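*Asks:* For reference, the file work-v2.cif (mmCIF, C-alpha atoms) is included below:
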```cif
data_final
loop_
_atom_site.label_atom_id
_atom_site.label_comp_id
_atom_site.auth_asym_id
_atom_site.auth_seq_id
_atom_site.Cartn_x
_atom_site.Cartn_y
_atom_site.Cartn_z
CA MET A 1 13.48 -32.57 9.07
CA SER A 2 17.03 -31.76 7.97
CA GLU A 3 19.34 -29.43 9.88
CA ILE A 4 18.90 -26.59 7.39
CA GLU A 5 15.13 -27.05 7.31
CA ALA A 6 15.02 -26.83 11.12
CA ARG A 7 17.02 -23.58 11.02
CA LEU A 8 14.70 -22.10 8.45
CA VAL A 9 11.56 -23.13 10.31
CA ASP A 10 12.78 -21.68 13.62
CA LEU A 11 13.27 -18.20 12.16
CA LEU A 12 10.07 -18.41 10.13
CA LYS A 13 8.01 -19.19 13.21
CA ASP A 14 9.44 -16.15 14.98
CA LEU A 15 8.73 -13.92 11.97
CA ILE A 16 5.12 -15.06 11.63
CA LEU A 17 4.48 -14.12 15.26
CA VAL A 18 5.28 -10.50 14.34
CA ARG A 19 2.21 -8.65 13.07
CA SER A 20 4.07 -6.72 10.38
CA THR A 21 1.14 -5.07 8.61
CA ASP A 22 1.09 -1.59 7.13
CA ASP A 23 -1.21 -0.33 9.90
CA ASN A 24 1.18 -1.55 12.62
CA PRO A 25 4.42 0.49 12.39
CA GLU A 26 5.89 -1.15 15.49
CA GLY A 27 5.38 -4.56 13.90
CA LEU A 28 7.25 -3.44 10.78
CA HIS A 29 10.17 -2.20 12.90
CA HIS A 30 10.08 -5.32 15.07
CA ALA A 31 10.35 -7.60 12.03
CA LEU A 32 13.44 -5.72 10.82
CA ARG A 33 15.04 -5.85 14.27
CA LEU A 34 14.47 -9.60 14.39
CA ILE A 35 16.12 -10.12 11.01
CA ARG A 36 19.05 -7.85 11.84
CA SER A 37 19.62 -9.81 15.05
CA HIS A 38 20.36 -12.87 12.93
CA ILE A 39 23.01 -11.20 10.76
CA GLU A 40 24.61 -8.42 12.81
CA ASP A 41 27.14 -10.79 14.39
CA ILE A 42 28.53 -11.89 11.01
CA PRO A 43 32.19 -10.75 11.05
CA GLY A 44 32.73 -7.66 8.89
CA ILE A 45 29.05 -7.07 8.13
CA ARG A 46 27.65 -3.55 7.95
CA VAL A 47 23.94 -2.82 8.14
CA GLU A 48 22.67 0.41 6.60
CA ASN A 49 19.27 1.45 7.96
CA HIS A 50 16.85 3.60 5.97
CA GLU A 51 13.40 5.10 6.30
CA SER A 52 11.08 6.77 3.80
CA ASN A 53 7.74 8.26 4.82
CA GLY A 54 7.91 6.36 8.09
CA LEU A 55 8.56 2.98 6.44
CA PRO A 56 11.82 1.31 7.51
CA SER A 57 14.20 -0.82 5.47
CA PHE A 58 17.82 -1.90 5.55
CA VAL A 59 20.63 -3.14 3.32
CA ALA A 60 23.40 -5.37 4.69
CA LEU A 61 26.76 -5.74 2.94
CA PRO A 62 30.27 -6.93 3.80
CA ALA A 63 32.36 -3.98 4.99
CA SER A 64 34.85 -4.63 2.19
CA VAL A 65 32.21 -4.42 -0.57
CA ALA A 66 31.10 -1.07 -1.99
CA ARG A 67 28.49 -2.56 -4.31
CA ALA A 68 26.96 -6.03 -4.25
CA ASP A 69 27.28 -8.33 -7.21
CA VAL A 70 24.10 -10.10 -6.02
CA LEU A 71 21.40 -8.60 -3.82
CA LEU A 72 19.00 -10.89 -1.94
CA VAL A 73 15.71 -8.95 -1.77
CA ALA A 74 12.58 -9.54 0.32
CA HIS A 75 9.79 -7.76 2.19
CA THR A 76 8.45 -8.35 5.70
CA ASP A 77 5.05 -6.67 5.32
CA VAL A 78 2.01 -8.91 5.10
CA VAL A 79 -1.68 -8.31 4.49
CA GLU A 80 -3.95 -7.88 7.50
CA GLY A 81 -5.70 -10.85 9.07
CA PRO A 82 -7.23 -12.15 12.31
CA SER A 83 -4.90 -12.62 15.28
CA GLU A 84 -4.97 -16.42 14.96
CA HIS A 85 -3.32 -16.16 11.52
CA PHE A 86 -0.18 -14.86 13.22
CA TYR A 87 0.44 -18.10 15.13
CA PRO A 88 2.53 -20.60 13.12
CA VAL A 89 1.30 -24.18 12.84
CA VAL A 90 3.15 -27.16 11.31
CA GLU A 91 0.94 -29.80 9.70
CA GLU A 92 1.96 -32.62 7.36
CA GLY A 93 5.16 -31.02 6.17
CA ARG A 94 3.74 -27.53 5.76
CA LEU A 95 4.08 -24.46 7.94
CA TYR A 96 0.89 -22.41 8.08
CA GLY A 97 0.65 -18.74 9.08
CA ARG A 98 0.25 -15.21 7.75
CA GLY A 99 3.21 -14.42 5.51
CA ALA A 100 4.53 -18.02 5.46
CA GLY A 101 4.62 -18.01 1.66
CA ASP A 102 4.61 -14.25 1.03
CA MET A 103 7.35 -13.97 1.99
CA LYS A 104 8.66 -14.64 5.47
CA GLY A 105 9.58 -18.21 4.57
CA GLN A 106 11.81 -16.88 1.83
CA ILE A 107 13.34 -14.33 4.22
CA SER A 108 14.41 -17.23 6.44
CA ILE A 109 16.21 -18.75 3.45
CA LEU A 110 17.93 -15.49 2.49
CA VAL A 111 19.09 -14.85 6.07
CA ALA A 112 20.56 -18.36 6.27
CA LEU A 113 22.33 -17.83 2.93
CA MET A 114 23.74 -14.50 4.07
CA ARG A 115 25.19 -16.10 7.20
CA ASP A 116 26.55 -19.20 5.50
CA ILE A 117 28.07 -17.51 2.44
CA LEU A 118 29.72 -14.66 4.35
CA THR A 119 30.95 -16.97 7.10
CA ALA A 120 32.73 -19.02 4.44
CA ASN A 121 33.90 -15.94 2.50
CA PRO A 122 33.65 -12.58 4.36
CA ASP A 123 34.45 -10.68 1.14
CA ALA A 124 31.79 -12.31 -1.02
CA PRO A 125 29.96 -9.49 -2.90
CA LEU A 126 26.59 -10.48 -1.50
CA GLY A 127 24.00 -8.09 -0.06
CA LEU A 128 20.65 -8.41 1.69
CA MET A 129 17.86 -5.85 1.14
CA ILE A 130 14.79 -6.05 3.39
CA THR A 131 11.82 -3.68 3.00
CA THR A 132 8.40 -3.20 4.59
CA ASP A 133 6.03 -1.90 1.90
CA GLU A 134 5.88 -4.29 -1.03
CA GLU A 135 2.20 -5.06 -0.48
CA SER A 136 1.40 -1.33 -0.82
CA GLY A 137 3.51 -0.69 -3.92
CA GLY A 138 7.15 -0.68 -2.82
CA GLU A 139 7.80 3.01 -3.48
CA ASN A 140 9.17 3.67 0.03
CA GLY A 141 11.13 0.42 0.19
CA THR A 142 12.82 -0.98 -2.90
CA GLY A 143 11.80 2.06 -4.92
CA TYR A 144 13.40 4.45 -2.44
CA LEU A 145 16.53 2.34 -1.99
CA LEU A 146 17.21 2.26 -5.73
CA GLU A 147 15.91 5.64 -6.83
CA GLU A 148 16.94 7.82 -3.86
CA ALA A 149 19.60 5.91 -1.90
CA GLY A 150 21.22 4.77 -5.15
CA TYR A 151 21.77 1.06 -4.49
CA ARG A 152 22.70 -1.08 -7.46
CA CYS A 153 23.79 -4.66 -8.12
CA ASN A 154 24.49 -6.91 -11.07
CA THR A 155 21.70 -9.41 -10.25
CA ALA A 156 18.81 -9.34 -7.81
CA ILE A 157 17.39 -12.55 -6.36
CA ILE A 158 13.77 -11.97 -5.33
CA PRO A 159 12.03 -15.23 -4.33
CA ASP A 160 8.56 -13.68 -4.43
CA SER A 161 7.11 -15.50 -7.42
CA GLY A 162 7.30 -18.72 -9.40
CA ARG A 163 7.93 -22.22 -8.03
CA LEU A 164 11.01 -24.38 -7.50
CA ASN A 165 11.23 -25.25 -11.19
CA GLU A 166 9.36 -22.24 -12.56
CA ILE A 167 11.46 -19.10 -12.94
CA VAL A 168 9.43 -15.97 -13.64
CA VAL A 169 10.76 -13.73 -16.40
CA VAL A 170 7.67 -11.61 -17.17
CA GLU A 171 5.17 -9.99 -14.79
CA LYS A 172 2.13 -7.89 -15.61
CA GLY A 173 2.13 -4.19 -14.91
CA LEU A 174 -0.06 -2.70 -12.19
CA ILE A 175 -2.29 0.34 -11.80
CA ASN A 176 -4.26 1.08 -8.62
CA GLY A 177 -6.73 3.94 -8.46
CA ARG A 178 -10.35 5.02 -8.23
CA ILE A 179 -13.11 5.57 -10.74
CA VAL A 180 -15.13 8.50 -9.35
CA SER A 181 -18.57 9.55 -10.60
CA ARG A 182 -20.21 12.87 -9.73
CA GLY A 183 -23.97 13.50 -9.77
CA ARG A 184 -26.56 15.65 -8.07
CA SER A 185 -28.02 14.92 -4.66
CA GLY A 186 -31.74 14.66 -3.98
CA HIS A 187 -34.50 12.83 -2.11
CA SER A 188 -35.11 9.20 -3.02
CA SER A 189 -38.83 9.86 -3.44
CA ARG A 190 -38.09 12.21 -6.36
CA PRO A 191 -35.20 10.63 -8.28
CA TRP A 192 -36.10 12.67 -11.39
CA ASN A 193 -34.84 15.77 -9.59
CA ALA A 194 -31.43 14.22 -8.92
CA ASP A 195 -28.54 12.53 -10.74
CA ASN A 196 -27.66 9.38 -8.80
CA ALA A 197 -23.87 9.06 -8.69
CA VAL A 198 -24.13 5.35 -7.81
CA HIS A 199 -26.14 4.67 -10.95
CA ARG A 200 -23.69 6.70 -13.02
CA LEU A 201 -20.77 4.80 -11.52
CA MET A 202 -22.42 1.45 -12.27
CA GLU A 203 -23.00 2.44 -15.89
CA ASN A 204 -19.37 3.48 -16.29
CA LEU A 205 -18.10 0.30 -14.64
CA PHE A 206 -20.29 -1.72 -17.01
CA ASN A 207 -18.77 0.04 -20.02
CA VAL A 208 -15.22 -0.47 -18.75
CA ARG A 209 -15.87 -4.11 -17.91
CA ALA A 210 -17.35 -4.75 -21.37
CA HIS A 211 -14.22 -3.33 -23.00
CA PHE A 212 -11.89 -5.50 -20.92
CA GLU A 213 -14.01 -8.56 -21.69
CA LYS A 214 -13.54 -7.74 -25.36
CA LEU A 215 -9.76 -7.64 -24.85
CA ALA A 216 -9.97 -11.03 -23.17
CA ALA A 217 -11.98 -12.48 -26.06
CA GLU A 218 -9.36 -11.27 -28.55
CA ASN A 219 -6.56 -12.91 -26.57
CA HIS A 220 -5.10 -16.21 -27.77
CA GLU A 221 -2.88 -16.92 -24.76
CA ALA A 222 -4.51 -18.18 -21.57
CA HIS A 223 -5.50 -15.15 -19.47
CA TRP A 224 -2.55 -13.11 -20.79
CA HIS A 225 -4.56 -9.96 -21.33
CA PRO A 226 -5.34 -6.77 -19.36
CA THR A 227 -7.78 -7.13 -16.47
CA LEU A 228 -9.60 -4.64 -14.26
CA SER A 229 -11.27 -5.52 -10.99
CA ALA A 230 -13.45 -3.17 -8.91
CA ASN A 231 -12.66 -4.13 -5.32
CA ILE A 232 -14.07 -1.39 -3.06
CA LEU A 233 -17.23 0.70 -3.56
CA HIS A 234 -17.69 3.95 -1.65
CA THR A 235 -20.03 6.87 -1.19
CA ASP A 236 -20.20 9.56 1.48
CA ASN A 237 -23.93 8.95 1.83
CA HIS A 238 -25.08 7.46 5.17
CA THR A 239 -28.82 8.10 4.78
CA HIS A 240 -31.10 5.52 3.17
CA ASN A 241 -33.39 8.03 1.46
CA LEU A 242 -30.74 10.45 0.15
CA ILE A 243 -29.49 10.11 -3.41
CA PRO A 244 -25.66 10.49 -3.36
CA ASP A 245 -23.84 13.06 -5.45
CA MET A 246 -20.56 11.08 -5.44
CA ALA A 247 -19.67 7.41 -5.75
CA SER A 248 -16.33 5.73 -6.36
CA ALA A 249 -14.87 2.31 -7.07
CA THR A 250 -11.34 1.41 -6.07
CA VAL A 251 -9.92 -0.63 -8.95
CA ASP A 252 -6.92 -2.87 -9.56
CA LEU A 253 -5.74 -2.99 -13.17
CA ARG A 254 -3.17 -5.48 -14.49
CA TYR A 255 -1.73 -5.34 -17.99
CA THR A 256 0.72 -7.22 -20.19
CA GLU A 257 4.05 -6.19 -21.62
CA HIS A 258 2.29 -5.10 -24.83
CA TYR A 259 1.04 -1.93 -23.11
CA THR A 260 2.38 0.97 -21.07
CA SER A 261 0.80 2.38 -17.92
CA GLN A 262 -0.10 5.61 -19.72
CA ALA A 263 -1.76 3.69 -22.55
CA MET A 264 -3.89 1.79 -20.02
CA ILE A 265 -4.81 4.96 -18.12
CA ASP A 266 -5.81 6.67 -21.37
CA MET A 267 -7.84 3.59 -22.33
CA VAL A 268 -9.87 3.65 -19.12
CA ARG A 269 -10.39 7.41 -19.18
CA GLY A 270 -11.60 7.21 -22.77
CA LEU A 271 -14.38 4.84 -21.69
CA LEU A 272 -15.79 7.16 -19.00
CA ASP A 273 -18.44 9.86 -19.34
CA ALA A 274 -17.78 13.56 -18.75
CA ASP A 275 -18.83 13.41 -15.08
CA THR A 276 -16.61 10.44 -14.22
CA ARG A 277 -12.85 10.43 -13.83
CA PHE A 278 -10.08 7.91 -13.20
CA GLU A 279 -7.77 8.94 -10.34
CA VAL A 280 -4.49 6.99 -10.31
CA ASP A 281 -2.60 6.18 -7.10
CA ILE A 282 0.04 3.63 -8.12
CA THR A 283 1.54 2.63 -11.46
CA ALA A 284 4.13 -0.05 -12.16
CA GLU A 285 5.33 -1.04 -15.61
CA PRO A 286 5.50 -4.73 -16.57
CA LEU A 287 8.65 -6.64 -15.63
CA HIS A 288 10.71 -8.37 -18.32
CA THR A 289 13.98 -10.09 -17.52
CA GLU A 290 16.20 -13.00 -18.55
CA ALA A 291 16.98 -16.05 -16.42
CA ASP A 292 20.66 -16.88 -15.90
CA PRO A 293 21.30 -20.20 -17.76
CA ARG A 294 23.55 -21.28 -14.87
CA PHE A 295 20.64 -20.83 -12.45
CA LEU A 296 18.38 -22.92 -14.68
CA LYS A 297 21.00 -25.67 -14.90
CA ILE A 298 21.54 -25.78 -11.13
CA THR A 299 17.78 -25.87 -10.54
CA GLU A 300 17.43 -28.86 -12.85
CA GLU A 301 20.36 -30.71 -11.29
CA ILE A 302 19.17 -30.26 -7.70
CA THR A 303 15.48 -30.95 -8.31
CA GLY A 304 15.89 -33.57 -11.03
CA GLN A 305 13.18 -31.83 -13.03
CA PRO A 306 13.26 -29.46 -16.04
CA ALA A 307 13.46 -25.77 -15.19
CA VAL A 308 11.06 -23.60 -17.17
CA THR A 309 10.54 -19.86 -17.51
CA LYS A 310 7.04 -18.46 -17.11
CA LYS A 311 4.86 -15.36 -17.05
CA GLU A 312 3.15 -14.21 -13.87
CA HIS A 313 -0.10 -12.28 -13.48
CA GLY A 314 0.99 -10.71 -10.18
CA GLY A 315 3.72 -8.18 -9.59
CA SER A 316 6.78 -7.79 -7.36
CA ASP A 317 9.49 -5.32 -6.41
CA GLY A 318 11.55 -6.79 -9.23
CA ARG A 319 10.27 -4.04 -11.51
CA TYR A 320 12.42 -1.48 -9.68
CA PHE A 321 15.52 -3.41 -10.69
CA THR A 322 14.60 -4.18 -14.30
CA ARG A 323 13.88 -0.50 -14.99
CA HIS A 324 17.62 0.00 -14.38
CA GLY A 325 18.55 -2.95 -16.60
CA ILE A 326 19.36 -5.20 -13.62
CA PRO A 327 18.31 -8.83 -14.23
CA VAL A 328 16.14 -10.52 -11.62
CA LEU A 329 15.99 -14.18 -10.62
CA MET A 330 12.56 -15.21 -9.30
CA SER A 331 11.69 -18.68 -8.11
CA ARG A 332 10.55 -19.85 -4.69
CA PRO A 333 9.60 -22.86 -2.58
CA GLU A 334 6.18 -24.45 -2.91
CA VAL A 335 3.58 -22.12 -1.35
CA GLY A 336 -0.19 -21.76 -1.32
CA GLY A 337 -3.18 -19.94 0.11
CA LEU A 338 -1.40 -16.60 -0.08
CA HIS A 339 -3.19 -13.81 1.84
CA SER A 340 -5.74 -16.33 3.14
CA ASN A 341 -6.45 -17.96 6.49
CA ARG A 342 -4.54 -21.07 5.34
CA GLU A 343 -1.39 -19.57 3.87
CA TRP A 344 1.40 -22.15 3.84
CA ILE A 345 4.90 -23.01 2.71
CA ASP A 346 6.25 -26.51 2.14
CA ILE A 347 9.14 -27.13 4.54
CA GLU A 348 11.06 -29.65 2.41
CA SER A 349 10.93 -27.32 -0.59
CA MET A 350 12.40 -24.56 1.60
CA GLY A 351 15.47 -26.72 2.06
CA THR A 352 15.59 -27.46 -1.67
CA HIS A 353 15.35 -23.78 -2.55
CA TYR A 354 18.12 -22.97 -0.08
CA ARG A 355 20.38 -25.56 -1.77
CA ILE A 356 19.64 -24.12 -5.23
CA LEU A 357 20.53 -20.59 -4.18
CA ASP A 358 23.51 -21.68 -2.09
CA ARG A 359 25.07 -23.58 -4.98
CA TYR A 360 24.35 -20.77 -7.44
CA LEU A 361 25.99 -18.17 -5.22
CA ARG A 362 29.02 -20.32 -4.41
CA GLU A 363 29.62 -21.04 -8.09
CA ARG A 364 29.14 -17.40 -9.01
CA PHE A 365 31.60 -16.24 -6.33
CA GLY A 366 34.15 -18.99 -7.10
CA MET A 367 33.70 -20.65 -3.70
CA GLU A 368 34.02 -24.28 -2.73
CA PRO A 369 30.69 -26.18 -2.71
#
```
Once more with this new file: its structure as structure tokens, please.

*Replies:*
Amino acid sequence: MSEIEARLVDLLKDLILVRSTDDNPEGLHHALRLIRSHIEDIPGIRVENHESNGLPSFVALPASVARADVLLVAHTDVVEGPSEHFYPVVEEGRLYGRGAGDMKGQISILVALMRDILTANPDAPLGLMITTDEESGGENGTGYLLEEAGYRCNTAIIPDSGRLNEIVVVEKGLINGRIVSRGRSGHSSRPWNADNAVHRLMENLFNVRAHFEKLAAENHEAHWHPTLSANILHTDNHTHNLIPDMASATVDLRYTEHYTSQAMIDMVRGLLDADTRFEVDITAEPLHTEADPRFLKITEEITGQPAVTKKEHGGSDGRYFTRHGIPVLMSRPEVGGLHSNREWIDIESMGTHYRILDRYLRERFGMEP
């Protein structure tokens, strides 16, 4: 293991031990404190702390810089999991643990870059933005910092998608909400006197699913079409012989750059009957950006492989930047098993990704290699 890889792994292990989930506020704060402790002693650094609806974040900048040319952006929040997932394990060149690939491993890289670049050049226009709510939509993190606090930059580096040689330039849009059906309660022995909301919900979900399957069949690009997944079913009924008068399905809708969020919402609502509605919680428009040719060239030179741009089915906080016309660079080390009990990041590729970003930043800021 190289010196830089060892540095990255040490911080990553510490970060994985922190249970920074959205239902553990102290864990979210602890993760930020840990990261700040690794940058606060950089000469001339200033750390600006923020909070929105109880969710903390911070932005670090050189004291001499009013606005960053490049912002390094990441989130510490991870999805919930059993306690054993929060103990890091190294096996065969990979580090396993909750958040290893999404995205505490990348935070380790960004923190190391912040230290190394600003130590070499205290006035480099480089900033670090760390948030705690990306997994729940990002509105109180990156969204708040750009829309309310007013942060801007010329380029954002967000290593939350892609691979070493795959730079993401398009991401699908996102809509989270609930399809809610209303009926009429009654006894299960006399269903003709009731209107079963579960049955109504199932019929509506079938109609919606059939429409999205039709969109998929009309698509000529592999899986690049809108999708809708019903992930949680709910009713207030807790009695086996009582017909429920309400049933809902929490849904996750993803859509391509050919649509808008309003068009997708109108599409779903148009497929529902009069006693069923679509309640929307979160919307995020698709991301579309351009990759810096210099970044592509450096990636190819360091990896020895062609750099390609790609589309991604998932989403990221990058959309908050592109809505302001700020280009985003998105590639990352080799990762796998995200949100699972075997989430991992490849240690050697962490070092490679560090070298790509380090060279890109030094060239951009006119620094010595």

*Asks:* Just say which residues the PyMOL selection byres ((chain A and resi 58) around 7) picks in this file, as a list in words.

*Replies:*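 When the PyMOL selection byres ((chain A and resi 58) around 7) is applied to the shown file, the picked residues are Val47, Glu48, Asn49, His50, Ser57, Val59, Ala60, Met129, Ile130 and Thr131 of chain A.
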
*Asks:* Residues as selected, C-alpha atoms, written as a PDB file, in the frame of the given file, can you do that?

*Replies:*
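The result, stored in part.pdb:
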```pdb
ATOM      1  CA  VAL A  47      23.940  -2.820   8.140  1.00  0.00           C
ATOM      2  CA  GLU A  48      22.670   0.410   6.600  1.00  0.00           C
ATOM      3  CA  ASN A  49      19.270   1.450   7.960  1.00  0.00           C
ATOM      4  CA  HIS A  50      16.850   3.600   5.970  1.00  0.00           C
ATOM      5  CA  SER A  57      14.200  -0.820   5.470  1.00  0.00           C
ATOM      6  CA  VAL A  59      20.630  -3.140   3.320  1.00  0.00           C
ATOM      7  CA  ALA A  60      23.400  -5.370   4.690  1.00  0.00           C
ATOM      8  CA  MET A 129      17.860  -5.850   1.140  1.00  0.00           C
ATOM      9  CA  ILE A 130      14.790  -6.050   3.390  1.00  0.00           C
ATOM     10  CA  THR A 131      11.820  -3.680   3.000  1.00  0.00           C
TER      11      THR A 131
END
```

*Asks:* Around (20.2, -22.3, -1.0) in the file's frame, which residues reach within 10 Å when counting all atoms listed in the file? Return as a list in words?

*Replies:*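 Taken together, the residues in range are Ile4, Ile109, Leu110, Ala112, Leu113, Met114, Asp116, Ile117, Met350, Gly351, Thr352, His353, Tyr354, Arg355, Ile356, Leu357, Asp358, Arg359, Tyr360, Leu361 and Arg362 of chain A.
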
*Asks:* Ala100 of chain A: which residues within 6 Å, counting all atoms listed in the file, same-chain residues fewer than 4 positions away excluded, as a list in words?

*Replies:*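 Returned residues: Lys104, Gly105, Trp344 and Ile345 of chain A.
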
*Asks:* Take the PyMOL selection byres ((chain A and resi 68) around 6), apply it to the structure above, and return the hits as a ChimeraX atom specification.

*Replies:* /A:67,69-70,125-127,153

*Asks:* I need the residue set behind the PyMOL selection byres ((chain A and resi 33-38) around 9) for this file; please write it as a list in words.

*Replies:*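 Applying the PyMOL selection byres ((chain A and resi 33-38) around 9) to the structure shown produces Leu11, Asp14, Leu15, Leu28, His29, His30, Ala31, Leu32, Ile39, Glu40, Asp41, Ile42, Val47, Phe58, Ala60, Ile107, Ser108, Val111, Ala112, Arg115 and Ile130 of chain A.
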
*Asks:* List as a PyMOL selection string the protein and nucleic acid residues near segment 307-318 of chain A, meaning an atom at most 7 Å away when all atoms listed in the file are counted, but skip any in the same chain fewer than 5 places from it.

*Replies:* chain A and resi 134+138+142+158+160+165-173+296+299-300+328

*Asks:* Next, the residues of the selection above should be written as a compact mmCIF listing (two decimals), keeping the file's coordinate frame with C-alpha atoms.

*Replies:*
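In the end it all went to part21.txt:
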```txt
# COMPACT_ATOMS: atom_id res chain seq x y z
CA GLU A 134 5.88 -4.29 -1.03
CA GLY A 138 7.15 -0.68 -2.82
CA THR A 142 12.82 -0.98 -2.90
CA ILE A 158 13.77 -11.97 -5.33
CA ASP A 160 8.56 -13.68 -4.43
CA ASN A 165 11.23 -25.25 -11.19
CA GLU A 166 9.36 -22.24 -12.56
CA ILE A 167 11.46 -19.10 -12.94
CA VAL A 168 9.43 -15.97 -13.64
CA VAL A 169 10.76 -13.73 -16.40
CA VAL A 170 7.67 -11.61 -17.17
CA GLU A 171 5.17 -9.99 -14.79
CA LYS A 172 2.13 -7.89 -15.61
CA GLY A 173 2.13 -4.19 -14.91
CA LEU A 296 18.38 -22.92 -14.68
CA THR A 299 17.78 -25.87 -10.54
CA GLU A 300 17.43 -28.86 -12.85
CA VAL A 328 16.14 -10.52 -11.62
```

*Asks:* Of the candidates A:Pro82, A:Gly186, A:Gly177, A:Gly270, which shows the shortest atom-to-atom distance to Val251 of chain A, using all atoms listed in the file?

*Replies:*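 Smallest distance to Val251 of chain A is found for A:Gly177.
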
*Asks:* Identify which of the residues A:Arg319, A:His211, A:His339, A:His258 lies closest to Ala156 of chain A, counting all atoms listed in the file when measuring atom-to-atom distances.

*Replies:*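 Residue with the minimum atom-to-atom distance to Ala156 of chain A: A:Arg319.
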
*Asks:* Restricting the calculation to all atoms listed in the file, which member of A:Phe86, A:Phe278, A:Trp224, A:Phe365 is positioned closest to Thr250 of chain A?

*Replies:*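 For Thr250 of chain A, the nearest of the given residues is A:Phe278.
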
*Asks:* Using only C-alpha atoms, which of the listed residues (A:Leu128, A:Ile326, A:Leu174, A:Ile243) sits closest to Glu257 of chain A?

*Replies:* A:Leu174

*Asks:* Go through A:Val65, A:Val9, A:Met1, A:Leu118 one by one, measure the shortest atom-to-atom distance of each to Met367 of chain A using all atoms listed in the file, and give the residue with the smallest value.

*Replies:*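 Using all atoms listed in the file, the shortest distance to Met367 of chain A belongs to A:Leu118.
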
*Asks:* Go through A:Thr303, A:Gln262, A:Ser340, A:Ala66 and flag the residue nearest Arg152 of chain A, using all atoms listed in the file for the distances.

*Replies:*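 Of A:Thr303, A:Gln262, A:Ser340, A:Ala66, the one nearest Arg152 of chain A is A:Ala66, counting all atoms listed in the file.
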
*Asks:* Can you tell me how far atom CA of Ala274 of chain A sits from atom CA of Asn231 of chain A, in Å to one decimal?

*Replies:*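 Between these atoms lies a distance of 22.8 Å.
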
*Asks:* Can you tell me which residues surround Val78 of chain A at a distance of at most 7 Å, considering only C-alpha atoms, apart from same-chain residues fewer than 4 positions away, and format the answer as a PyMOL selection string?

*Replies:* chain A and resi 20-21+99+135

*Asks:* Give me the residues within 10 Å of Ser83 of chain A as a PDB file with C-alpha atoms, keeping the file's coordinate frame, counting all atoms listed in the file and dropping any in the same chain fewer than 5 places off.

*Replies:*
```pdb
ATOM      1  CA  LEU A  17       4.480 -14.120  15.260  1.00  0.00           C
ATOM      2  CA  ARG A  19       2.210  -8.650  13.070  1.00  0.00           C
ATOM      3  CA  ARG A  98       0.250 -15.210   7.750  1.00  0.00           C
TER       4      ARG A  98
END
```

*Asks:* Which polymer residues have any atom within 7 Å of an atom of Arg46 of chain A, counting all atoms listed in the file, with same-chain residues fewer than 5 positions away left out, as a PyMOL selection string?

*Replies:* chain A and resi 60-63
